[in-house]
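Data file: upload_9.pdb. Format and content: PDB, C-alpha atoms, pLDDT in the B column.
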```
ATOM      1  CA  MET P   1     -44.556 -23.029 164.962  1.00 57.00           C
ATOM      2  CA  PRO P   2     -47.261 -24.753 167.047  1.00 65.00           C
ATOM      3  CA  GLU P   3     -50.639 -25.331 165.517  1.00 72.00           C
ATOM      4  CA  LEU P   4     -53.295 -22.848 166.587  1.00 77.00           C
ATOM      5  CA  THR P   5     -55.859 -24.443 168.839  1.00 73.00           C
ATOM      6  CA  ASP P   6     -58.138 -21.529 169.720  1.00 73.00           C
ATOM      7  CA  GLY P   7     -61.614 -21.677 168.262  1.00 76.00           C
ATOM      8  CA  CYS P   8     -62.260 -18.141 167.122  1.00 83.00           C
ATOM      9  CA  VAL P   9     -61.654 -16.023 164.053  1.00 85.00           C
ATOM     10  CA  GLN P  10     -58.779 -13.637 164.747  1.00 86.00           C
ATOM     11  CA  PRO P  11     -58.325 -10.306 163.012  1.00 89.00           C
ATOM     12  CA  ALA P  12     -55.109  -9.987 161.038  1.00 92.00           C
ATOM     13  CA  ARG P  13     -52.493  -7.838 162.768  1.00 90.00           C
ATOM     14  CA  GLY P  14     -50.804  -5.099 160.817  1.00 86.00           C
ATOM     15  CA  PRO P  15     -49.237  -3.036 159.547  1.00 89.00           C
ATOM     16  CA  ILE P  16     -46.374  -3.906 161.881  1.00 89.00           C
ATOM     17  CA  ALA P  17     -43.647  -1.269 161.774  1.00 84.00           C
ATOM     18  CA  PRO P  18     -40.055  -2.467 161.387  1.00 78.00           C
ATOM     19  CA  ALA P  19     -38.360  -2.851 164.777  1.00 69.00           C
ATOM     20  CA  SER P  20     -35.813  -0.138 164.022  1.00 57.00           C
ATOM     21  CA  GLU P  21     -38.537   2.419 163.435  1.00 50.00           C
ATOM     22  CA  SER P  22     -40.815   1.621 166.332  1.00 49.00           C
ATOM     23  CA  ALA P  23     -40.610   3.499 169.585  1.00 48.00           C
ATOM     24  CA  ALA P  24     -39.367   2.025 172.851  1.00 47.00           C
ATOM     25  CA  PRO P  25     -40.629  -1.538 173.233  1.00 48.00           C
ATOM     26  CA  VAL P  26     -44.000  -1.765 174.903  1.00 49.00           C
ATOM     27  CA  SER P  27     -44.856  -5.128 176.317  1.00 49.00           C
ATOM     28  CA  GLY P  28     -48.040  -6.782 175.215  1.00 48.00           C
ATOM     29  CA  THR P  29     -49.634  -3.873 173.387  1.00 47.00           C
ATOM     30  CA  ALA P  30     -49.561  -4.660 169.701  1.00 46.00           C
ATOM     31  CA  PRO P  31     -51.534  -1.591 168.520  1.00 47.00           C
ATOM     32  CA  SER P  32     -48.733   0.748 169.579  1.00 43.00           C
ATOM     33  CA  GLN P  33     -46.580  -0.748 166.810  1.00 49.00           C
ATOM     34  CA  GLU P  34     -49.190  -0.236 164.150  1.00 51.00           C
ATOM     35  CA  ASP P  35     -49.235   2.696 161.799  1.00 52.00           C
ATOM     36  CA  HIS P  36     -52.386   2.916 159.720  1.00 53.00           C
ATOM     37  CA  LYS P  37     -50.912   5.358 157.241  1.00 59.00           C
ATOM     38  CA  MET P  38     -48.516   2.836 155.730  1.00 62.00           C
ATOM     39  CA  LEU P  39     -49.358   1.948 152.152  1.00 87.00           C
ATOM     40  CA  ALA P  40     -47.549  -0.447 149.868  1.00 92.00           C
ATOM     41  CA  ARG P  41     -45.825   0.864 146.755  1.00 93.00           C
ATOM     42  CA  VAL P  42     -43.170  -0.494 144.421  1.00 95.00           C
ATOM     43  CA  GLY P  43     -39.594   0.266 145.412  1.00 95.00           C
ATOM     44  CA  ALA P  44     -40.606   0.616 149.058  1.00 95.00           C
ATOM     45  CA  GLU P  45     -40.199  -1.865 151.856  1.00 96.00           C
ATOM     46  CA  ALA P  46     -42.951  -4.460 152.145  1.00 97.00           C
ATOM     47  CA  ILE P  47     -45.393  -3.861 154.971  1.00 96.00           C
ATOM     48  CA  ASP P  48     -45.140  -6.499 157.648  1.00 97.00           C
ATOM     49  CA  PHE P  49     -48.169  -8.205 159.162  1.00 97.00           C
ATOM     50  CA  GLU P  50     -49.246 -11.298 161.025  1.00 97.00           C
ATOM     51  CA  ALA P  51     -52.254 -13.449 160.234  1.00 97.00           C
ATOM     52  CA  THR P  52     -53.713 -16.836 160.956  1.00 97.00           C
ATOM     53  CA  ALA P  53     -53.518 -19.281 158.082  1.00 97.00           C
ATOM     54  CA  TYR P  54     -54.538 -22.682 156.862  1.00 97.00           C
ATOM     55  CA  VAL P  55     -51.663 -24.725 155.460  1.00 96.00           C
ATOM     56  CA  GLU P  56     -52.386 -27.996 153.674  1.00 94.00           C
ATOM     57  CA  GLY P  57     -50.791 -30.885 155.524  1.00 93.00           C
ATOM     58  CA  VAL P  58     -49.948 -28.681 158.510  1.00 94.00           C
ATOM     59  CA  GLY P  59     -53.212 -27.236 159.768  1.00 95.00           C
ATOM     60  CA  PHE P  60     -53.786 -23.843 161.310  1.00 96.00           C
ATOM     61  CA  LYS P  61     -50.781 -21.659 162.089  1.00 95.00           C
ATOM     62  CA  SER P  62     -49.820 -18.042 162.480  1.00 96.00           C
ATOM     63  CA  VAL P  63     -47.828 -16.532 159.595  1.00 97.00           C
ATOM     64  CA  ARG P  64     -45.805 -13.336 159.723  1.00 97.00           C
ATOM     65  CA  LEU P  65     -44.635 -11.874 156.413  1.00 98.00           C
ATOM     66  CA  SER P  66     -41.179 -11.004 157.750  1.00 97.00           C
ATOM     67  CA  ASP P  67     -40.617 -14.694 158.559  1.00 96.00           C
ATOM     68  CA  TYR P  68     -39.969 -14.990 154.810  1.00 97.00           C
ATOM     69  CA  LYS P  69     -37.463 -12.122 154.645  1.00 97.00           C
ATOM     70  CA  GLY P  70     -34.472 -13.121 152.510  1.00 97.00           C
ATOM     71  CA  GLN P  71     -36.611 -15.023 150.016  1.00 97.00           C
ATOM     72  CA  TRP P  72     -38.648 -13.952 147.021  1.00 98.00           C
ATOM     73  CA  ILE P  73     -42.293 -13.699 148.075  1.00 98.00           C
ATOM     74  CA  VAL P  74     -45.488 -13.526 146.050  1.00 97.00           C
ATOM     75  CA  LEU P  75     -48.421 -12.201 148.062  1.00 97.00           C
ATOM     76  CA  CYS P  76     -51.810 -12.711 146.371  1.00 96.00           C
ATOM     77  CA  PHE P  77     -55.067 -11.183 147.545  1.00 96.00           C
ATOM     78  CA  TYR P  78     -58.412 -12.378 146.180  1.00 94.00           C
ATOM     79  CA  PRO P  79     -62.016 -11.467 146.927  1.00 94.00           C
ATOM     80  CA  GLY P  80     -63.098 -14.643 148.607  1.00 94.00           C
ATOM     81  CA  ASP P  81     -63.142 -18.396 148.890  1.00 94.00           C
ATOM     82  CA  PHE P  82     -65.766 -20.075 146.699  1.00 92.00           C
ATOM     83  CA  THR P  83     -65.904 -17.168 144.244  1.00 84.00           C
ATOM     84  CA  PHE P  84     -65.851 -17.907 140.557  1.00 74.00           C
ATOM     85  CA  VAL P  85     -62.770 -16.472 138.864  1.00 64.00           C
TER      86      VAL P  85
ATOM     87  CA  MET O   1     -55.871 -19.218 143.433  1.00 79.00           C
ATOM     88  CA  ALA O   2     -56.002 -22.566 141.667  1.00 80.00           C
ATOM     89  CA  ALA O   3     -54.218 -21.025 138.664  1.00 84.00           C
ATOM     90  CA  VAL O   4     -51.373 -19.887 140.902  1.00 88.00           C
ATOM     91  CA  ALA O   5     -51.293 -23.291 142.591  1.00 88.00           C
ATOM     92  CA  ALA O   6     -51.048 -24.988 139.192  1.00 88.00           C
ATOM     93  CA  LEU O   7     -47.781 -23.114 138.558  1.00 91.00           C
ATOM     94  CA  TYR O   8     -46.454 -23.747 142.067  1.00 91.00           C
ATOM     95  CA  LYS O   9     -43.589 -25.892 140.764  1.00 92.00           C
ATOM     96  CA  ASP O  10     -42.432 -22.957 138.638  1.00 94.00           C
ATOM     97  CA  PHE O  11     -42.487 -20.702 141.683  1.00 95.00           C
ATOM     98  CA  GLN O  12     -40.615 -23.289 143.746  1.00 94.00           C
ATOM     99  CA  ALA O  13     -37.983 -23.686 141.031  1.00 96.00           C
ATOM    100  CA  LEU O  14     -37.422 -19.927 141.192  1.00 97.00           C
ATOM    101  CA  GLY O  15     -37.137 -20.012 144.983  1.00 96.00           C
ATOM    102  CA  VAL O  16     -40.363 -18.076 145.501  1.00 97.00           C
ATOM    103  CA  GLU O  17     -42.639 -18.459 148.510  1.00 96.00           C
ATOM    104  CA  VAL O  18     -46.310 -17.902 147.754  1.00 97.00           C
ATOM    105  CA  LEU O  19     -48.869 -16.615 150.257  1.00 97.00           C
ATOM    106  CA  SER O  20     -52.539 -16.046 149.491  1.00 97.00           C
ATOM    107  CA  ALA O  21     -54.878 -13.865 151.521  1.00 97.00           C
ATOM    108  CA  SER O  22     -58.576 -13.131 151.652  1.00 97.00           C
ATOM    109  CA  THR O  23     -60.886 -11.910 154.376  1.00 97.00           C
ATOM    110  CA  ASP O  24     -62.234 -15.432 154.883  1.00 97.00           C
ATOM    111  CA  SER O  25     -61.310 -17.235 158.087  1.00 96.00           C
ATOM    112  CA  ARG O  26     -58.757 -20.037 158.166  1.00 96.00           C
ATOM    113  CA  PHE O  27     -61.668 -22.398 158.765  1.00 96.00           C
ATOM    114  CA  VAL O  28     -63.287 -21.473 155.457  1.00 96.00           C
ATOM    115  CA  HIS O  29     -59.893 -21.746 153.703  1.00 96.00           C
ATOM    116  CA  LYS O  30     -59.648 -25.335 154.932  1.00 96.00           C
ATOM    117  CA  ILE O  31     -63.079 -26.315 153.640  1.00 96.00           C
ATOM    118  CA  TRP O  32     -62.550 -24.511 150.291  1.00 95.00           C
ATOM    119  CA  GLN O  33     -59.356 -26.483 149.884  1.00 94.00           C
ATOM    120  CA  GLN O  34     -61.079 -29.767 150.652  1.00 94.00           C
ATOM    121  CA  GLN O  35     -64.304 -29.175 148.738  1.00 94.00           C
ATOM    122  CA  GLU O  36     -63.042 -27.452 145.623  1.00 93.00           C
ATOM    123  CA  LEU O  37     -59.376 -26.525 145.205  1.00 92.00           C
ATOM    124  CA  SER O  38     -58.130 -30.071 145.711  1.00 92.00           C
ATOM    125  CA  LYS O  39     -60.408 -31.081 142.825  1.00 92.00           C
ATOM    126  CA  MET O  40     -59.116 -28.311 140.535  1.00 90.00           C
ATOM    127  CA  VAL O  41     -55.414 -28.886 141.158  1.00 89.00           C
ATOM    128  CA  GLU O  42     -53.782 -32.084 142.291  1.00 88.00           C
ATOM    129  CA  GLY O  43     -52.915 -31.697 145.963  1.00 86.00           C
ATOM    130  CA  GLY O  44     -54.822 -28.421 146.175  1.00 88.00           C
ATOM    131  CA  VAL O  45     -53.216 -25.126 147.151  1.00 92.00           C
ATOM    132  CA  PRO O  46     -49.828 -26.028 148.629  1.00 93.00           C
ATOM    133  CA  PHE O  47     -48.999 -22.628 150.124  1.00 95.00           C
ATOM    134  CA  PRO O  48     -50.295 -20.889 153.287  1.00 97.00           C
ATOM    135  CA  MET O  49     -53.773 -19.409 152.894  1.00 97.00           C
ATOM    136  CA  LEU O  50     -53.916 -16.359 155.138  1.00 98.00           C
ATOM    137  CA  SER O  51     -56.972 -14.891 156.806  1.00 98.00           C
ATOM    138  CA  ASP O  52     -57.139 -11.106 156.515  1.00 97.00           C
ATOM    139  CA  ALA O  53     -60.166 -10.918 158.808  1.00 96.00           C
ATOM    140  CA  GLY O  54     -60.825  -7.228 159.365  1.00 95.00           C
ATOM    141  CA  GLY O  55     -58.965  -6.199 156.210  1.00 96.00           C
ATOM    142  CA  LYS O  56     -55.974  -4.597 157.917  1.00 96.00           C
ATOM    143  CA  ILE O  57     -53.498  -6.259 155.594  1.00 97.00           C
ATOM    144  CA  GLY O  58     -55.504  -5.408 152.505  1.00 97.00           C
ATOM    145  CA  SER O  59     -55.790  -1.813 153.685  1.00 96.00           C
ATOM    146  CA  ALA O  60     -52.028  -1.529 154.035  1.00 95.00           C
ATOM    147  CA  TYR O  61     -51.586  -2.940 150.538  1.00 97.00           C
ATOM    148  CA  GLY O  62     -54.307  -0.761 148.994  1.00 95.00           C
ATOM    149  CA  VAL O  63     -56.589  -3.623 147.990  1.00 95.00           C
ATOM    150  CA  TYR O  64     -59.251  -3.585 150.722  1.00 96.00           C
ATOM    151  CA  ASP O  65     -62.738  -2.667 149.510  1.00 95.00           C
ATOM    152  CA  GLU O  66     -64.403  -1.301 152.646  1.00 95.00           C
ATOM    153  CA  ALA O  67     -67.913  -1.272 151.175  1.00 96.00           C
ATOM    154  CA  ALA O  68     -67.770  -4.946 150.224  1.00 95.00           C
ATOM    155  CA  GLY O  69     -65.564  -5.967 153.132  1.00 96.00           C
ATOM    156  CA  VAL O  70     -63.229  -7.945 150.882  1.00 96.00           C
ATOM    157  CA  ASP O  71     -59.721  -7.734 149.449  1.00 96.00           C
ATOM    158  CA  ILE O  72     -59.841  -7.233 145.700  1.00 94.00           C
ATOM    159  CA  ARG O  73     -57.484  -9.121 143.399  1.00 93.00           C
ATOM    160  CA  GLY O  74     -53.961  -7.867 143.948  1.00 94.00           C
ATOM    161  CA  ARG O  75     -50.568  -9.501 143.796  1.00 95.00           C
ATOM    162  CA  PHE O  76     -47.252  -8.232 145.042  1.00 97.00           C
ATOM    163  CA  LEU O  77     -43.743  -9.441 144.322  1.00 98.00           C
ATOM    164  CA  ILE O  78     -41.313  -8.892 147.217  1.00 98.00           C
ATOM    165  CA  ASP O  79     -37.554  -9.371 146.789  1.00 98.00           C
ATOM    166  CA  PRO O  80     -35.095 -10.903 149.302  1.00 98.00           C
ATOM    167  CA  ASP O  81     -34.364  -7.391 150.673  1.00 97.00           C
ATOM    168  CA  PHE O  82     -38.067  -7.175 151.591  1.00 97.00           C
ATOM    169  CA  GLN O  83     -38.697  -4.534 148.931  1.00 98.00           C
ATOM    170  CA  ILE O  84     -41.813  -4.574 146.801  1.00 98.00           C
ATOM    171  CA  ARG O  85     -40.728  -4.961 143.162  1.00 97.00           C
ATOM    172  CA  ALA O  86     -44.032  -5.338 141.336  1.00 97.00           C
ATOM    173  CA  MET O  87     -47.740  -5.176 141.942  1.00 96.00           C
ATOM    174  CA  GLU O  88     -50.864  -5.802 139.901  1.00 95.00           C
ATOM    175  CA  ILE O  89     -54.382  -4.987 141.077  1.00 94.00           C
ATOM    176  CA  LEU O  90     -57.579  -5.917 139.225  1.00 90.00           C
ATOM    177  CA  THR O  91     -61.240  -5.567 140.049  1.00 87.00           C
ATOM    178  CA  PRO O  92     -62.656  -8.976 140.895  1.00 80.00           C
ATOM    179  CA  GLU O  93     -64.352  -9.955 137.632  1.00 83.00           C
ATOM    180  CA  VAL O  94     -61.134 -10.567 135.684  1.00 87.00           C
ATOM    181  CA  GLY O  95     -58.653 -13.222 136.762  1.00 85.00           C
ATOM    182  CA  ARG O  96     -54.907 -12.718 136.618  1.00 86.00           C
ATOM    183  CA  ASN O  97     -52.281 -14.332 134.395  1.00 90.00           C
ATOM    184  CA  PRO O  98     -49.784 -16.165 136.622  1.00 90.00           C
ATOM    185  CA  LYS O  99     -47.503 -16.821 133.639  1.00 91.00           C
ATOM    186  CA  GLU O 100     -46.816 -13.095 133.390  1.00 94.00           C
ATOM    187  CA  LEU O 101     -45.946 -13.141 137.075  1.00 95.00           C
ATOM    188  CA  VAL O 102     -43.453 -15.957 136.463  1.00 96.00           C
ATOM    189  CA  ARG O 103     -41.935 -13.936 133.601  1.00 96.00           C
ATOM    190  CA  GLN O 104     -41.579 -10.877 135.827  1.00 97.00           C
ATOM    191  CA  ILE O 105     -39.934 -12.918 138.583  1.00 97.00           C
ATOM    192  CA  LYS O 106     -37.369 -14.271 136.100  1.00 97.00           C
ATOM    193  CA  ALA O 107     -36.690 -10.745 134.853  1.00 97.00           C
ATOM    194  CA  PHE O 108     -36.298  -9.261 138.342  1.00 97.00           C
ATOM    195  CA  GLN O 109     -34.022 -12.113 139.377  1.00 97.00           C
ATOM    196  CA  HIS O 110     -31.905 -11.620 136.249  1.00 96.00           C
ATOM    197  CA  VAL O 111     -31.608  -7.899 136.935  1.00 95.00           C
ATOM    198  CA  ARG O 112     -30.688  -8.528 140.542  1.00 95.00           C
ATOM    199  CA  THR O 113     -27.939 -10.967 139.562  1.00 94.00           C
ATOM    200  CA  THR O 114     -26.460  -9.165 136.573  1.00 93.00           C
ATOM    201  CA  GLY O 115     -27.203  -5.442 136.957  1.00 90.00           C
ATOM    202  CA  GLU O 116     -28.513  -5.464 133.394  1.00 91.00           C
ATOM    203  CA  VAL O 117     -32.013  -4.229 132.611  1.00 92.00           C
ATOM    204  CA  THR O 118     -34.624  -6.136 130.658  1.00 95.00           C
ATOM    205  CA  PRO O 119     -36.664  -4.582 127.843  1.00 93.00           C
ATOM    206  CA  SER O 120     -40.413  -4.980 127.374  1.00 92.00           C
ATOM    207  CA  GLY O 121     -41.620  -8.575 127.246  1.00 93.00           C
ATOM    208  CA  TRP O 122     -38.173  -9.961 128.071  1.00 96.00           C
ATOM    209  CA  GLU O 123     -37.842 -13.716 128.420  1.00 94.00           C
ATOM    210  CA  PRO O 124     -34.690 -15.563 129.524  1.00 94.00           C
ATOM    211  CA  GLY O 125     -32.281 -15.709 126.583  1.00 93.00           C
ATOM    212  CA  ASP O 126     -33.548 -12.464 125.050  1.00 94.00           C
ATOM    213  CA  VAL O 127     -31.253  -9.462 124.686  1.00 93.00           C
ATOM    214  CA  THR O 128     -30.755  -7.315 127.793  1.00 93.00           C
ATOM    215  CA  LEU O 129     -29.545  -3.752 128.049  1.00 91.00           C
ATOM    216  CA  THR O 130     -26.638  -2.389 130.061  1.00 89.00           C
ATOM    217  CA  PRO O 131     -27.441   1.240 130.867  1.00 88.00           C
ATOM    218  CA  GLY O 132     -24.693   3.786 130.359  1.00 90.00           C
ATOM    219  CA  PRO O 133     -23.758   6.905 128.381  1.00 93.00           C
ATOM    220  CA  SER O 134     -22.924   4.919 125.236  1.00 91.00           C
ATOM    221  CA  LEU O 135     -26.399   3.422 125.080  1.00 91.00           C
ATOM    222  CA  VAL O 136     -28.243   6.745 125.097  1.00 93.00           C
ATOM    223  CA  GLY O 137     -30.093   7.170 121.802  1.00 93.00           C
ATOM    224  CA  LYS O 138     -28.754   3.799 120.605  1.00 92.00           C
ATOM    225  CA  VAL O 139     -31.237   1.415 122.114  1.00 90.00           C
ATOM    226  CA  TRP O 140     -32.762   0.982 118.632  1.00 91.00           C
ATOM    227  CA  GLU O 141     -29.508  -0.606 117.489  1.00 92.00           C
ATOM    228  CA  VAL O 142     -29.857  -3.507 119.918  1.00 90.00           C
ATOM    229  CA  TRP O 143     -33.545  -3.792 120.647  1.00 91.00           C
ATOM    230  CA  LYS O 144     -36.858  -3.301 118.842  1.00 89.00           C
ATOM    231  CA  PRO O 145     -40.320  -4.292 120.006  1.00 88.00           C
TER     232      PRO O 145
END
```
Written as structure tokens, how would this file's structure read?
Amino acid sequence: MPELTDGCVQPARGPIAPASESAAPVSGTAPSQEDHKMLARVGAEAIDFEATAYVEGVGFKSVRLSDYKGQWIVLCFYPGDFTFV
Amino acid sequence: MAAVAALYKDFQALGVEVLSASTDSRFVHKIWQQQELSKMVEGGVPFPMLSDAGGKIGSAYGVYDEAAGVDIRGRFLIDPDFQIRAMEILTPEVGRNPKELVRQIKAFQHVRTTGEVTPSGWEPGDVTLTPGPSLVGKVWEVWKP
């Protein structure tokens, strides 16, 4: 995946509905695929999303959760960089 | 995040990909890595540090605090079928225990491979249970806390 070169902060994109559940493909309009009522719970399918990321040794890139489908994934949220715990 | 990074070899050995996410931008992630994380853990955080700017991801995972505008501490274990197997969510003032996460991954992987189930606190090598009519009311014979 090419390194991101744009200079701005980008909002994360999600939830992204699985392709099989989304309506007819709409070109270029991401929000139509987003369902804000989705909420993660155990035993249910993980909620897909896309976000910009910093990767040590790589730089800035875009990461989509479903790129990792087929592997075990640990997804960790935390309150903020430079916090204390 | 440094505590998770310190166990990264354990996660790699188990075939687990780690992703971290906060509402900070990727630019701040880079500087945090350089200024602090790389001094806490050799090599710093080796996995992708995601920017949940806007909190849409955290909202979908039930960890976004709208008043503070941040994602609180939450971790999710997702299996190769893209199903969420485990989650743990804490308010920010208490850090997590990544060793318990490693234990849970080993248990879920064992269950997935064998079809057995693992009792409380199970570690590899401990007794497992095979559910079935003959085990009903007899768990005490093979397992005690």
Which residues come within 10 Å of P:Gly7, counting all atoms listed in the file, excluding same-chain residues fewer than 3 positions away, as a list in words?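 Counting only the stated atoms, we get Leu4 and Gln10 of chain P; Phe27 of chain O.
What separates atom CA of P:Lys61 from atom CA of P:Phe82 is a distance of 21.5 Å.
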Select, as number ranges by chain, those residues of chain P with any atom no more than 9 Å from chain O (distances computed using only C-alpha atoms). P: 9-15, 36-57, 59-63, 65-66, 68-82, 84-85
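Going from atom CA of O:Val111 over to atom CA of O:Thr128, you cover 9.2 Å.
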Quick one: distance from atom CA of O:Ala13 to atom CA of O:Val102 in Å, one decimal?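 Atom-to-atom, atom CA of O:Ala13 to atom CA of O:Val102, that is 10.5 Å.
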Pick from O:Gly132, O:Ser38, O:Thr113, O:Trp122, whichever lies nearest to O:Lys144 using only C-alpha atoms: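 Of O:Gly132, O:Ser38, O:Thr113, O:Trp122, the one nearest O:Lys144 is O:Trp122, counting only C-alpha atoms.
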Incomplete stretch 56-84 of chain O brought to N, CA and C atoms, written out as a compact mmCIF listing (two decimals), in the coordinates of the input:
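Written out: part-v6.txt:
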```txt
# COMPACT_ATOMS: atom_id res chain seq x y z
N LYS O 56 -57.10 -5.50 157.62
CA LYS O 56 -55.97 -4.60 157.92
C LYS O 56 -54.81 -4.79 156.95
N ILE O 57 -54.61 -6.02 156.53
CA ILE O 57 -53.50 -6.26 155.59
C ILE O 57 -53.84 -5.66 154.24
N GLY O 58 -55.06 -5.96 153.79
CA GLY O 58 -55.50 -5.41 152.50
C GLY O 58 -55.49 -3.89 152.49
N SER O 59 -55.83 -3.28 153.61
CA SER O 59 -55.79 -1.81 153.68
C SER O 59 -54.37 -1.30 153.49
N ALA O 60 -53.42 -1.96 154.14
CA ALA O 60 -52.03 -1.53 154.04
C ALA O 60 -51.49 -1.71 152.62
N TYR O 61 -52.05 -2.68 151.90
CA TYR O 61 -51.59 -2.94 150.54
C TYR O 61 -52.50 -2.31 149.48
N GLY O 62 -53.49 -1.52 149.93
CA GLY O 62 -54.31 -0.76 148.99
C GLY O 62 -55.29 -1.60 148.20
N VAL O 63 -55.67 -2.77 148.73
CA VAL O 63 -56.59 -3.62 147.99
C VAL O 63 -57.90 -3.89 148.75
N TYR O 64 -58.06 -3.29 149.93
CA TYR O 64 -59.25 -3.58 150.72
C TYR O 64 -60.42 -2.72 150.28
N ASP O 65 -61.51 -3.36 149.90
CA ASP O 65 -62.74 -2.67 149.51
C ASP O 65 -63.63 -2.59 150.75
N GLU O 66 -63.68 -1.42 151.37
CA GLU O 66 -64.40 -1.30 152.65
C GLU O 66 -65.89 -1.56 152.48
N ALA O 67 -66.47 -1.11 151.36
CA ALA O 67 -67.91 -1.27 151.18
C ALA O 67 -68.28 -2.75 151.09
N ALA O 68 -67.47 -3.52 150.39
CA ALA O 68 -67.77 -4.95 150.22
C ALA O 68 -67.16 -5.79 151.34
N GLY O 69 -66.21 -5.22 152.05
CA GLY O 69 -65.56 -5.97 153.13
C GLY O 69 -64.65 -7.07 152.65
N VAL O 70 -64.12 -6.91 151.43
CA VAL O 70 -63.23 -7.94 150.88
C VAL O 70 -61.96 -7.31 150.32
N ASP O 71 -60.94 -8.15 150.14
CA ASP O 71 -59.72 -7.73 149.45
C ASP O 71 -59.91 -8.01 147.97
N ILE O 72 -59.74 -6.99 147.14
CA ILE O 72 -59.84 -7.23 145.70
C ILE O 72 -58.56 -7.92 145.21
N ARG O 73 -58.58 -8.32 143.93
CA ARG O 73 -57.48 -9.12 143.40
C ARG O 73 -56.21 -8.28 143.26
N GLY O 74 -55.23 -8.59 144.04
CA GLY O 74 -53.96 -7.87 143.95
C GLY O 74 -52.82 -8.81 144.22
N ARG O 75 -51.73 -8.65 143.48
CA ARG O 75 -50.57 -9.50 143.80
C ARG O 75 -49.31 -8.64 143.83
N PHE O 76 -48.44 -9.02 144.75
CA PHE O 76 -47.25 -8.23 145.04
C PHE O 76 -46.04 -9.15 145.01
N LEU O 77 -45.00 -8.69 144.35
CA LEU O 77 -43.74 -9.44 144.32
C LEU O 77 -42.75 -8.73 145.23
N ILE O 78 -42.22 -9.46 146.21
CA ILE O 78 -41.31 -8.89 147.22
C ILE O 78 -39.96 -9.58 147.07
N ASP O 79 -38.88 -8.79 147.02
CA ASP O 79 -37.55 -9.37 146.79
C ASP O 79 -36.90 -9.77 148.12
N PRO O 80 -35.72 -10.43 148.06
CA PRO O 80 -35.10 -10.90 149.30
C PRO O 80 -34.69 -9.77 150.27
N ASP O 81 -34.61 -8.53 149.77
CA ASP O 81 -34.36 -7.39 150.67
C ASP O 81 -35.65 -6.85 151.28
N PHE O 82 -36.76 -7.55 151.05
CA PHE O 82 -38.07 -7.18 151.59
C PHE O 82 -38.61 -5.90 150.93
N GLN O 83 -38.18 -5.68 149.68
CA GLN O 83 -38.70 -4.53 148.93
C GLN O 83 -39.74 -5.01 147.93
N ILE O 84 -40.79 -4.25 147.79
CA ILE O 84 -41.81 -4.57 146.80
C ILE O 84 -41.28 -4.22 145.42
```
